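Here the structure is laid out as structure tokens; the discussion comes afterwards.
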Amino acid sequence: MAHKHGHGRERIQFANTEDKQEFTKYPTKAGRRSLSRSISQSSTDSYSSAASYTDSSDDETSPRDKAQINTHGSSDFCVKNIKQAEFGRREIEIAEQDMSALISLRKRAQGEKPLAGAKIVGCTHITAQTAVLIETLVALGAQCRWTACNIYSTQNEVAAALAETGVPVFAWKGESEDDFWWCIDRCVNTEGWQANMVLDDGGDLTHWVYKKYPSVFKKVRGIVEESVTGVHRLYQLSKAGKLCVPAMNVNDSVTKQKFDNLYCCRESILDGLKRTTDIMFGGKQVVVCGYGEVGKGCCTALKALGAIVCITEIDPICALQACMDGFRVVKLSEVIRQMDVVITCTGNKNVVTREQLDRMKNGCIVCNMGHSNTEIDVASLRSPELTWERVRSQVDHIIWPDGKRVVLLAEGRLLNLSCSTVPTFVLSITATTQALALIELFNAPEGRYKQDVYLLPKKMDEYVASLHLPNFDAHLTELSDEQAKYMGLNKNGPFKPNYYRY
């Protein structure tokens, strides 16, 4: 590889142009990304945005205006560049190594194909990890059509690899708001194909189908929803009596809660902040808004690196937990002037208001770890007296008239997916849970699930966990008959009552 700063890049001779393109596609220096496509572009490329090989400025034509076909002659997809499929395939193969649970699920269910006849329309982040899930669903007999639930998190080469294998995918990194809804529409609204299962992350797909194609729900056997935000929207529908199919709340299954929200954010918060700002955490004043699972994970990591962390919280129970974990619980307006970093993870809206942004000190970093971009009032910053300066990919400096700068990451969208990657192992747990929830709802006998929101049965939660134990060479102890009788349990589980808090 060439040196860090692109010197010596010119000395390398290439026999043909393809090799040269191949070479410049690989990022060499993690961290910084140039905004102009300079000669040493690849030396300033970063692994950010989930190690996407090509920046969107590669080709300014919108994917919507390009006619592309895969090698099987199908054009039922819309991705940035179908020619990147081979790269995407490599990414997916790397992800598979850390997602052994899904692979073993494929092996176990190969014969019976529990999803034969399922037509799943999905709206999730499109990364190498979700690709492993999609291909597992296909291996279990399902037909899938897929779109992205976030305009920034798609890995273009992975979307291309899926489109190449024949999964209709409508997604690319850096979609506009209009593109986003167009992609969802193309997914749902297609000749001669009607979905009978929905897999959603954030509730946008469900919302769109309700608004535009309510008749689709006559055929749908169930919705599986992954995020806090989407689950909240489902409960609202259910309360209003508008939910006309059973829905499975995967977000609150124990394995997903603990892993995706707690353990994952514990690792990815630092990653996202380091990649975008190169910040040193020791001694920094940080406020984390919300002390749920995500907040707990973020705080653990920040505290370990020597940051001085305080919490804002509306719930007295979470607030008391924060106090016992050694964090000060404050109101944001009391501490905003002193803070170096502000992190939101509440799932609410307007947690950081314009008035608070006005009072921040020069150089304060503001970012969001919640699903939706409503937590920071970003819209209020798009006003004539403030100047926006794009410093790197996903990093904006907002400059006040007096010269004060506030650093906004990913325009207030989900930091770890916009600016870094999420550990594959964690996503394996979520994806396995989603796959099992789809199988459960699709195969459930008539009447087992009414038009309501359900939690994943505990037995399945335990099954997801047990599929991941071989990774750690962990050996479970088995109950003797006598012990099982004494505890009043079945030897094979479930081992805890439903109300048990892990």
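Residue numbering restarts at 1 in every chain; chains get A, B, ... in the order shown in the structure tokens, and ligands count up from 1 in that same order.
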
Sel. of alpha helix (DSSP H) residues, region 196-406 of chain A, as an MDAnalysis selection string: chainID A and resid 204:212 228:239 254:256 264:277 293:304 316:324 332:335 354:359

For Asp461 (chain A): contacts at 7 Å, only C-alpha atoms, fewer than 3 positions along chain excluded, given as a list in words: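 Counting only C-alpha atoms, the residues come to Ser253, Val254, Thr255, Leu456, Pro457, Lys458, Val464 and Ala465 of chain A.
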
Those same residues - N, CA and C atoms - I'd like them written as a short mmCIF file (atom, residue, chain, number, x, y, z; two decimals), in the first residue's frame.
data_model
loop_
_atom_site.label_atom_id
_atom_site.label_comp_id
_atom_site.auth_asym_id
_atom_site.auth_seq_id
_atom_site.Cartn_x
_atom_site.Cartn_y
_atom_site.Cartn_z
N SER A 253 -37.44 -7.57 22.71
CA SER A 253 -37.00 -8.90 23.09
C SER A 253 -35.67 -8.72 23.83
N VAL A 254 -35.44 -9.55 24.81
CA VAL A 254 -34.31 -9.32 25.72
C VAL A 254 -32.98 -9.28 24.97
N THR A 255 -32.81 -10.27 24.06
CA THR A 255 -31.51 -10.34 23.38
C THR A 255 -31.26 -9.08 22.56
N LEU A 456 -41.81 -11.21 21.32
CA LEU A 456 -41.34 -12.51 20.88
C LEU A 456 -41.47 -13.50 22.05
N PRO A 457 -42.00 -14.69 21.82
CA PRO A 457 -42.09 -15.66 22.93
C PRO A 457 -40.70 -15.91 23.55
N LYS A 458 -40.68 -16.01 24.87
CA LYS A 458 -39.40 -16.13 25.58
C LYS A 458 -38.59 -17.34 25.11
N VAL A 464 -32.46 -17.83 20.37
CA VAL A 464 -31.53 -16.90 19.72
C VAL A 464 -30.22 -16.86 20.49
N ALA A 465 -30.33 -16.73 21.81
CA ALA A 465 -29.13 -16.66 22.64
C ALA A 465 -28.32 -17.95 22.52
#

DSSP strand (DSSP E) residues within region 384-434 of chain A, listed as JSON, numbers by chain: {"A": [387, 388, 389, 390, 391, 392, 395, 396, 397, 398, 399, 405, 406, 407, 408, 409]}

Would you mind exporting all heavy atoms of the selected residues as a short mmCIF file (atom, residue, chain, number, x, y, z; two decimals), in the first residue's frame?
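Writing done, so here's selection_19.cif:
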data_model
loop_
_atom_site.label_atom_id
_atom_site.label_comp_id
_atom_site.auth_asym_id
_atom_site.auth_seq_id
_atom_site.Cartn_x
_atom_site.Cartn_y
_atom_site.Cartn_z
N THR A 387 -24.31 30.11 9.38
CA THR A 387 -23.62 29.58 8.20
C THR A 387 -23.31 28.11 8.43
O THR A 387 -22.78 27.75 9.48
CB THR A 387 -22.28 30.34 8.00
OG1 THR A 387 -22.52 31.73 8.20
CG2 THR A 387 -21.72 30.09 6.62
N TRP A 388 -23.62 27.28 7.43
CA TRP A 388 -23.27 25.87 7.50
C TRP A 388 -22.00 25.65 6.68
O TRP A 388 -21.90 26.10 5.55
CB TRP A 388 -24.37 25.00 6.90
CG TRP A 388 -25.54 24.80 7.80
CD1 TRP A 388 -26.34 25.78 8.30
CD2 TRP A 388 -26.05 23.56 8.30
NE1 TRP A 388 -27.33 25.22 9.08
CE2 TRP A 388 -27.19 23.87 9.10
CE3 TRP A 388 -25.68 22.23 8.15
CZ2 TRP A 388 -27.93 22.87 9.75
CZ3 TRP A 388 -26.43 21.25 8.78
CH2 TRP A 388 -27.53 21.57 9.58
N GLU A 389 -21.06 24.94 7.28
CA GLU A 389 -19.82 24.64 6.56
C GLU A 389 -19.58 23.14 6.64
O GLU A 389 -19.42 22.59 7.73
CB GLU A 389 -18.68 25.42 7.24
CG GLU A 389 -17.41 25.49 6.46
CD GLU A 389 -16.38 26.39 7.19
OE1 GLU A 389 -16.53 27.62 7.10
OE2 GLU A 389 -15.50 25.85 7.87
N ARG A 390 -19.57 22.45 5.49
CA ARG A 390 -19.33 21.01 5.47
C ARG A 390 -17.82 20.78 5.60
O ARG A 390 -17.07 21.20 4.74
CB ARG A 390 -19.89 20.44 4.16
CG ARG A 390 -19.68 18.96 3.87
CD ARG A 390 -20.08 18.01 4.94
NE ARG A 390 -21.48 17.95 5.32
CZ ARG A 390 -22.32 17.01 4.95
NH1 ARG A 390 -21.96 16.06 4.13
NH2 ARG A 390 -23.56 16.99 5.41
N VAL A 391 -17.41 20.13 6.69
CA VAL A 391 -15.98 20.00 6.94
C VAL A 391 -15.45 18.68 6.41
O VAL A 391 -14.37 18.59 5.85
CB VAL A 391 -15.70 20.09 8.46
CG1 VAL A 391 -14.22 20.23 8.71
CG2 VAL A 391 -16.43 21.26 9.05
N ARG A 392 -16.19 17.63 6.63
CA ARG A 392 -15.88 16.31 6.08
C ARG A 392 -17.23 15.66 5.83
O ARG A 392 -18.25 16.17 6.24
CB ARG A 392 -15.22 15.40 7.10
CG ARG A 392 -14.06 15.92 7.83
CD ARG A 392 -13.64 14.82 8.80
NE ARG A 392 -12.43 15.21 9.46
CZ ARG A 392 -11.94 14.61 10.50
NH1 ARG A 392 -12.56 13.57 11.00
NH2 ARG A 392 -10.82 15.00 11.05
N VAL A 395 -19.85 15.74 8.72
CA VAL A 395 -19.50 16.69 9.77
C VAL A 395 -19.77 18.11 9.27
O VAL A 395 -19.20 18.55 8.28
CB VAL A 395 -18.00 16.60 10.15
CG1 VAL A 395 -17.68 17.55 11.30
CG2 VAL A 395 -17.63 15.17 10.52
N ASP A 396 -20.66 18.83 9.96
CA ASP A 396 -20.95 20.22 9.61
C ASP A 396 -20.55 21.13 10.76
O ASP A 396 -20.82 20.81 11.92
CB ASP A 396 -22.45 20.41 9.34
CG ASP A 396 -22.89 19.73 8.06
OD1 ASP A 396 -22.41 20.16 7.00
OD2 ASP A 396 -23.68 18.78 8.12
N HIS A 397 -19.92 22.26 10.42
CA HIS A 397 -19.73 23.31 11.41
C HIS A 397 -20.85 24.31 11.19
O HIS A 397 -21.06 24.79 10.08
CB HIS A 397 -18.38 24.01 11.21
CG HIS A 397 -17.23 23.23 11.76
ND1 HIS A 397 -15.95 23.70 11.82
CD2 HIS A 397 -17.18 21.98 12.30
CE1 HIS A 397 -15.16 22.79 12.35
NE2 HIS A 397 -15.88 21.73 12.65
N ILE A 398 -21.58 24.63 12.26
CA ILE A 398 -22.60 25.66 12.15
C ILE A 398 -22.05 26.89 12.84
O ILE A 398 -21.65 26.84 14.01
CB ILE A 398 -23.92 25.17 12.76
CG1 ILE A 398 -24.48 24.09 11.85
CG2 ILE A 398 -24.93 26.30 12.85
CD1 ILE A 398 -24.87 22.87 12.49
N ILE A 399 -21.97 27.99 12.08
CA ILE A 399 -21.25 29.16 12.57
C ILE A 399 -22.25 30.28 12.90
O ILE A 399 -23.04 30.68 12.05
CB ILE A 399 -20.22 29.64 11.53
CG1 ILE A 399 -19.31 28.45 11.15
CG2 ILE A 399 -19.38 30.79 12.07
CD1 ILE A 399 -18.54 28.64 9.87
N ARG A 405 -18.66 28.27 16.74
CA ARG A 405 -18.96 27.11 15.90
C ARG A 405 -19.50 25.98 16.76
O ARG A 405 -18.96 25.69 17.82
CB ARG A 405 -17.69 26.58 15.23
CG ARG A 405 -17.16 27.46 14.14
CD ARG A 405 -15.77 27.02 13.69
NE ARG A 405 -15.32 27.95 12.65
CZ ARG A 405 -15.26 27.65 11.35
NH1 ARG A 405 -15.57 26.45 10.94
NH2 ARG A 405 -14.87 28.54 10.46
N VAL A 406 -20.53 25.33 16.26
CA VAL A 406 -20.99 24.09 16.88
C VAL A 406 -20.80 22.99 15.84
O VAL A 406 -21.07 23.20 14.66
CB VAL A 406 -22.48 24.21 17.30
CG1 VAL A 406 -23.08 22.83 17.57
CG2 VAL A 406 -22.60 25.08 18.54
N VAL A 407 -20.28 21.84 16.27
CA VAL A 407 -20.00 20.74 15.34
C VAL A 407 -21.19 19.78 15.37
O VAL A 407 -21.47 19.15 16.40
CB VAL A 407 -18.71 19.99 15.76
CG1 VAL A 407 -18.40 18.89 14.75
CG2 VAL A 407 -17.55 20.98 15.87
N LEU A 408 -21.90 19.67 14.24
CA LEU A 408 -23.06 18.78 14.16
C LEU A 408 -22.68 17.55 13.34
O LEU A 408 -22.17 17.67 12.24
CB LEU A 408 -24.23 19.51 13.50
CG LEU A 408 -25.50 18.69 13.28
CD1 LEU A 408 -26.16 18.31 14.60
CD2 LEU A 408 -26.50 19.47 12.41
N LEU A 409 -22.93 16.36 13.90
CA LEU A 409 -22.55 15.13 13.20
C LEU A 409 -23.76 14.50 12.52
O LEU A 409 -24.84 14.40 13.11
CB LEU A 409 -21.94 14.14 14.19
CG LEU A 409 -20.72 14.67 14.97
CD1 LEU A 409 -20.16 13.59 15.87
CD2 LEU A 409 -19.65 15.20 14.04
#

Which residues of region 110-135 of chain A come within 12 Å of region 413-417 of chain A, and for each one, what is the closest pair of atoms and their distance in Å to one decimal, counting only C-alpha atoms, sorted by chain and residue number, as a tab-separated table?
residue	atom	partner	partner_atom	distance
A:Thr124	CA	A:Leu417	CA	11.7
A:His125	CA	A:Leu417	CA	8.4
A:Ile126	CA	A:Leu417	CA	10.4
A:Thr127	CA	A:Leu417	CA	9.6

Limited to all heavy atoms, could you put the picked residues into a file as a CSV table (one decimal), in the first residue's frame?
chain,number,residue,atom,x,y,z
A,124,THR,N,-35.0,-1.8,6.1
A,124,THR,CA,-34.0,-1.8,7.2
A,124,THR,C,-32.8,-1.1,6.7
A,124,THR,O,-32.7,-0.6,5.5
A,124,THR,CB,-33.6,-3.2,7.6
A,124,THR,OG1,-33.0,-3.8,6.4
A,124,THR,CG2,-34.8,-4.1,8.0
A,125,HIS,N,-31.8,-1.0,7.5
A,125,HIS,CA,-30.5,-0.5,7.0
A,125,HIS,C,-30.0,-1.5,6.1
A,125,HIS,O,-30.1,-2.7,6.4
A,125,HIS,CB,-29.5,-0.3,8.2
A,125,HIS,CG,-30.0,0.7,9.2
A,125,HIS,ND1,-29.9,2.0,9.1
A,125,HIS,CD2,-30.6,0.5,10.4
A,125,HIS,CE1,-30.5,2.6,10.1
A,125,HIS,NE2,-30.9,1.7,10.9
A,126,ILE,N,-29.4,-1.1,5.0
A,126,ILE,CA,-28.9,-2.1,4.0
A,126,ILE,C,-27.4,-2.2,4.1
A,126,ILE,O,-26.6,-1.3,3.6
A,126,ILE,CB,-29.4,-1.8,2.6
A,126,ILE,CG1,-30.9,-2.0,2.6
A,126,ILE,CG2,-28.7,-2.8,1.6
A,126,ILE,CD1,-31.5,-1.8,1.2
A,127,THR,N,-26.9,-3.1,4.9
A,127,THR,CA,-25.4,-3.3,5.1
A,127,THR,C,-25.1,-4.8,4.9
A,127,THR,O,-26.0,-5.6,4.7
A,127,THR,CB,-25.1,-3.0,6.6
A,127,THR,OG1,-25.9,-3.9,7.4
A,127,THR,CG2,-25.5,-1.5,6.9

One-decimal distance in Å that lies between CA of Leu115 (chain A) and CA of Ile439 (chain A):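 CA of Leu115 (chain A) lies 6.3 Å from CA of Ile439 (chain A).
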
Within 10 Å of region 360-379 of chain A: each region 291-314 of chain A residue with its shortest pair, only C-alpha atoms, as a tab-separated table:
residue	atom	partner	partner_atom	distance
A:Val294	CA	A:Met369	CA	7.5
A:Gly295	CA	A:Met369	CA	8.5
A:Cys298	CA	A:Met369	CA	8.9

Residue nearest Pro246 (chain A) among A:Lys450, A:Lys173, A:Lys404, A:Arg354 (counting only C-alpha atoms):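 Ranked by minimum distance to Pro246 (chain A), first place goes to A:Lys450.
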
Contacts of Asp200 (chain A) within 9 Å, only C-alpha atoms, excl. fewer than 2 positions in-chain, as a PyMOL selection string: chain A and resi 121-124+149+198+202-206+223-227+230

Writing out the chosen residues with N, CA and C atoms as a PDB file, in the first residue's frame:
ATOM      1  N   VAL A 121     -41.748  -7.849   2.404  1.00  0.00           N
ATOM      2  CA  VAL A 121     -41.257  -6.543   1.993  1.00  0.00           C
ATOM      3  C   VAL A 121     -40.529  -5.960   3.206  1.00  0.00           C
ATOM      4  N   GLY A 122     -39.282  -5.518   2.992  1.00  0.00           N
ATOM      5  CA  GLY A 122     -38.438  -5.123   4.123  1.00  0.00           C
ATOM      6  C   GLY A 122     -37.917  -3.712   3.971  1.00  0.00           C
ATOM      7  N   CYS A 123     -37.802  -3.030   5.118  1.00  0.00           N
ATOM      8  CA  CYS A 123     -37.244  -1.677   5.118  1.00  0.00           C
ATOM      9  C   CYS A 123     -36.306  -1.589   6.317  1.00  0.00           C
ATOM     10  N   THR A 124     -35.001  -1.808   6.088  1.00  0.00           N
ATOM     11  CA  THR A 124     -34.021  -1.800   7.182  1.00  0.00           C
ATOM     12  C   THR A 124     -32.776  -1.066   6.684  1.00  0.00           C
ATOM     13  N   CYS A 149     -34.079   2.051   5.395  1.00  0.00           N
ATOM     14  CA  CYS A 149     -34.842   2.849   6.365  1.00  0.00           C
ATOM     15  C   CYS A 149     -34.077   4.101   6.756  1.00  0.00           C
ATOM     16  N   VAL A 198     -44.310  -8.075   6.575  1.00  0.00           N
ATOM     17  CA  VAL A 198     -43.573  -6.808   6.573  1.00  0.00           C
ATOM     18  C   VAL A 198     -42.471  -6.875   7.632  1.00  0.00           C
ATOM     19  N   GLY A 202     -38.181   1.240  12.141  1.00  0.00           N
ATOM     20  CA  GLY A 202     -38.482   2.671  12.232  1.00  0.00           C
ATOM     21  C   GLY A 202     -39.923   2.996  11.877  1.00  0.00           C
ATOM     22  N   GLY A 203     -40.629   2.035  11.267  1.00  0.00           N
ATOM     23  CA  GLY A 203     -42.060   2.225  11.027  1.00  0.00           C
ATOM     24  C   GLY A 203     -42.425   2.993   9.770  1.00  0.00           C
ATOM     25  N   ASP A 204     -41.431   3.415   8.966  1.00  0.00           N
ATOM     26  CA  ASP A 204     -41.760   4.215   7.776  1.00  0.00           C
ATOM     27  C   ASP A 204     -42.486   3.401   6.710  1.00  0.00           C
ATOM     28  N   LEU A 205     -42.061   2.163   6.539  1.00  0.00           N
ATOM     29  CA  LEU A 205     -42.695   1.299   5.538  1.00  0.00           C
ATOM     30  C   LEU A 205     -44.158   1.039   5.930  1.00  0.00           C
ATOM     31  N   THR A 206     -44.356   0.672   7.193  1.00  0.00           N
ATOM     32  CA  THR A 206     -45.712   0.420   7.691  1.00  0.00           C
ATOM     33  C   THR A 206     -46.581   1.657   7.487  1.00  0.00           C
ATOM     34  N   ILE A 223     -46.502  -7.976  10.915  1.00  0.00           N
ATOM     35  CA  ILE A 223     -45.428  -6.983  10.795  1.00  0.00           C
ATOM     36  C   ILE A 223     -44.392  -7.315  11.866  1.00  0.00           C
ATOM     37  N   VAL A 224     -43.129  -7.290  11.497  1.00  0.00           N
ATOM     38  CA  VAL A 224     -42.062  -7.422  12.504  1.00  0.00           C
ATOM     39  C   VAL A 224     -41.334  -6.085  12.547  1.00  0.00           C
ATOM     40  N   GLU A 225     -41.287  -5.476  13.720  1.00  0.00           N
ATOM     41  CA  GLU A 225     -40.690  -4.139  13.841  1.00  0.00           C
ATOM     42  C   GLU A 225     -39.506  -4.176  14.791  1.00  0.00           C
ATOM     43  N   GLU A 226     -38.426  -3.475  14.389  1.00  0.00           N
ATOM     44  CA  GLU A 226     -37.179  -3.610  15.126  1.00  0.00           C
ATOM     45  C   GLU A 226     -36.833  -2.448  16.050  1.00  0.00           C
ATOM     46  N   SER A 227     -37.317  -1.224  15.765  1.00  0.00           N
ATOM     47  CA  SER A 227     -36.782  -0.097  16.546  1.00  0.00           C
ATOM     48  C   SER A 227     -37.790   0.443  17.558  1.00  0.00           C
ATOM     49  N   GLY A 230     -40.351   2.708  15.809  1.00  0.00           N
ATOM     50  CA  GLY A 230     -41.371   1.986  15.052  1.00  0.00           C
ATOM     51  C   GLY A 230     -42.363   1.274  15.957  1.00  0.00           C
TER      52      GLY A 230
END

Region 73-79 of chain A surroundings by only C-alpha atoms, 8 Å radius, close-in-sequence under 4 positions cut, as an MDAnalysis selection string: chainID A and resid 63:64 67:69 156 159:160 163 166:172

Using only N, CA and C atoms, please write the residues we just selected to a file, as an mmCIF file, in the first residue's frame.
data_model
loop_
_atom_site.group_PDB
_atom_site.id
_atom_site.type_symbol
_atom_site.label_atom_id
_atom_site.label_comp_id
_atom_site.auth_asym_id
_atom_site.auth_seq_id
_atom_site.Cartn_x
_atom_site.Cartn_y
_atom_site.Cartn_z
ATOM 1 N N PRO A 63 -29.518 7.440 -9.266
ATOM 2 C CA PRO A 63 -29.794 6.058 -9.675
ATOM 3 C C PRO A 63 -31.178 5.908 -10.323
ATOM 4 N N ARG A 64 -32.091 6.805 -9.967
ATOM 5 C CA ARG A 64 -33.435 6.711 -10.531
ATOM 6 C C ARG A 64 -33.427 6.962 -12.039
ATOM 7 N N ALA A 67 -30.654 3.352 -16.315
ATOM 8 C CA ALA A 67 -31.193 2.018 -16.612
ATOM 9 C C ALA A 67 -30.074 1.014 -16.351
ATOM 10 N N GLN A 68 -30.299 0.088 -15.427
ATOM 11 C CA GLN A 68 -29.272 -0.925 -15.145
ATOM 12 C C GLN A 68 -29.930 -2.307 -15.180
ATOM 13 N N ILE A 69 -29.178 -3.304 -15.640
ATOM 14 C CA ILE A 69 -29.689 -4.670 -15.520
ATOM 15 C C ILE A 69 -28.609 -5.562 -14.926
ATOM 16 N N ASN A 156 -23.517 0.847 -0.753
ATOM 17 C CA ASN A 156 -23.883 0.724 -2.173
ATOM 18 C C ASN A 156 -23.487 -0.616 -2.768
ATOM 19 N N ALA A 159 -25.856 -3.380 -1.661
ATOM 20 C CA ALA A 159 -27.142 -3.287 -2.370
ATOM 21 C C ALA A 159 -26.982 -3.872 -3.778
ATOM 22 N N ALA A 160 -25.836 -3.581 -4.406
ATOM 23 C CA ALA A 160 -25.570 -4.108 -5.760
ATOM 24 C C ALA A 160 -25.473 -5.633 -5.734
ATOM 25 N N ALA A 163 -28.920 -7.078 -5.477
ATOM 26 C CA ALA A 163 -29.650 -6.915 -6.741
ATOM 27 C C ALA A 163 -29.147 -7.927 -7.766
ATOM 28 N N GLY A 166 -30.658 -11.241 -7.501
ATOM 29 C CA GLY A 166 -32.073 -11.297 -7.857
ATOM 30 C C GLY A 166 -33.030 -10.809 -6.787
ATOM 31 N N VAL A 167 -32.500 -10.205 -5.716
ATOM 32 C CA VAL A 167 -33.401 -9.583 -4.731
ATOM 33 C C VAL A 167 -33.652 -8.149 -5.189
ATOM 34 N N PRO A 168 -34.916 -7.765 -5.432
ATOM 35 C CA PRO A 168 -35.172 -6.378 -5.835
ATOM 36 C C PRO A 168 -34.869 -5.421 -4.679
ATOM 37 N N VAL A 169 -33.807 -4.621 -4.846
ATOM 38 C CA VAL A 169 -33.387 -3.685 -3.801
ATOM 39 C C VAL A 169 -33.514 -2.275 -4.349
ATOM 40 N N PHE A 170 -34.085 -1.378 -3.551
ATOM 41 C CA PHE A 170 -34.202 0.016 -3.970
ATOM 42 C C PHE A 170 -33.550 0.879 -2.897
ATOM 43 N N ALA A 171 -32.272 1.184 -3.071
ATOM 44 C CA ALA A 171 -31.569 1.944 -2.036
ATOM 45 C C ALA A 171 -30.194 2.359 -2.507
ATOM 46 N N TRP A 172 -29.754 3.526 -2.066
ATOM 47 C CA TRP A 172 -28.361 3.931 -2.265
ATOM 48 C C TRP A 172 -28.008 4.916 -1.168
#

Neighbour list for region 131-145 of chain A as a ChimeraX atom specification, cut-off 8 Å, only C-alpha atoms, skip fewer than 4 positions in-chain: /A:92,95-96,99,102-103,105-106,109-110,113-122,126-127,158,162,167-169,187-188,431-432,435

Exercise: Arg266 (chain A) partners within 12 Å, only C-alpha atoms, chain neighbours under 6 positions left out, as a PyMOL selection string: chain A and resi 258-260+272+293-305+369+416+422-423+426

Export of prior selection with N, CA, C and O atoms as a compact mmCIF listing (two decimals), in the first residue's frame:
# COMPACT_ATOMS: atom_id res chain seq x y z
N LYS A 258 -30.62 -5.91 25.00
CA LYS A 258 -29.32 -5.87 25.64
C LYS A 258 -28.20 -5.69 24.62
O LYS A 258 -27.28 -4.93 24.82
N PHE A 259 -28.31 -6.43 23.51
CA PHE A 259 -27.17 -6.43 22.60
C PHE A 259 -27.17 -5.24 21.68
O PHE A 259 -26.21 -4.48 21.62
N ASP A 260 -28.25 -5.04 20.95
CA ASP A 260 -28.26 -3.96 19.98
C ASP A 260 -28.17 -2.63 20.69
O ASP A 260 -27.48 -1.72 20.24
N GLY A 272 -17.85 6.22 16.31
CA GLY A 272 -18.46 7.28 15.51
C GLY A 272 -17.87 8.65 15.81
O GLY A 272 -17.58 9.44 14.91
N GLU A 293 -31.28 1.78 27.58
CA GLU A 293 -30.20 0.84 27.24
C GLU A 293 -29.10 1.53 26.42
O GLU A 293 -27.91 1.32 26.65
N VAL A 294 -29.50 2.37 25.45
CA VAL A 294 -28.50 3.05 24.61
C VAL A 294 -27.67 4.01 25.45
O VAL A 294 -26.44 4.02 25.40
N GLY A 295 -28.36 4.81 26.27
CA GLY A 295 -27.66 5.76 27.14
C GLY A 295 -26.69 5.06 28.07
O GLY A 295 -25.56 5.50 28.26
N LYS A 296 -27.13 3.93 28.64
CA LYS A 296 -26.26 3.19 29.57
C LYS A 296 -24.99 2.73 28.86
O LYS A 296 -23.88 2.84 29.39
N GLY A 297 -25.17 2.21 27.63
CA GLY A 297 -24.00 1.76 26.86
C GLY A 297 -23.03 2.90 26.57
O GLY A 297 -21.82 2.77 26.79
N CYS A 298 -23.57 4.03 26.12
CA CYS A 298 -22.73 5.20 25.79
C CYS A 298 -21.96 5.66 27.03
O CYS A 298 -20.76 5.93 26.97
N CYS A 299 -22.67 5.76 28.15
CA CYS A 299 -22.04 6.28 29.38
C CYS A 299 -20.92 5.38 29.88
O CYS A 299 -19.87 5.87 30.31
N THR A 300 -21.13 4.07 29.82
CA THR A 300 -20.10 3.12 30.27
C THR A 300 -18.80 3.37 29.50
O THR A 300 -17.72 3.44 30.07
N ALA A 301 -18.94 3.51 28.18
CA ALA A 301 -17.76 3.67 27.33
C ALA A 301 -17.08 5.01 27.58
O ALA A 301 -15.85 5.09 27.71
N LEU A 302 -17.87 6.07 27.66
CA LEU A 302 -17.30 7.41 27.84
C LEU A 302 -16.61 7.53 29.19
O LEU A 302 -15.51 8.07 29.31
N LYS A 303 -17.24 6.96 30.23
CA LYS A 303 -16.67 7.01 31.58
C LYS A 303 -15.33 6.27 31.61
O LYS A 303 -14.37 6.72 32.22
N ALA A 304 -15.28 5.13 30.90
CA ALA A 304 -14.05 4.32 30.91
C ALA A 304 -12.88 5.08 30.29
O ALA A 304 -11.73 4.82 30.62
N LEU A 305 -13.18 6.01 29.38
CA LEU A 305 -12.09 6.77 28.77
C LEU A 305 -11.80 8.07 29.51
O LEU A 305 -11.06 8.91 29.04
N MET A 369 -27.79 9.42 19.02
CA MET A 369 -27.67 7.96 18.97
C MET A 369 -29.05 7.30 18.95
O MET A 369 -29.16 6.08 19.02
N ASN A 416 -23.99 6.14 14.88
CA ASN A 416 -23.15 4.96 14.65
C ASN A 416 -23.38 4.35 13.27
O ASN A 416 -22.50 3.73 12.72
N VAL A 422 -21.25 -0.96 12.82
CA VAL A 422 -21.77 -1.59 14.03
C VAL A 422 -21.20 -3.00 14.05
O VAL A 422 -21.11 -3.64 13.02
N PRO A 423 -20.78 -3.50 15.22
CA PRO A 423 -20.18 -4.84 15.26
C PRO A 423 -21.12 -5.90 14.68
O PRO A 423 -22.30 -5.96 15.03
N VAL A 426 -23.22 -8.30 17.02
CA VAL A 426 -24.42 -7.72 17.62
C VAL A 426 -25.58 -7.79 16.64
O VAL A 426 -26.70 -8.14 16.99
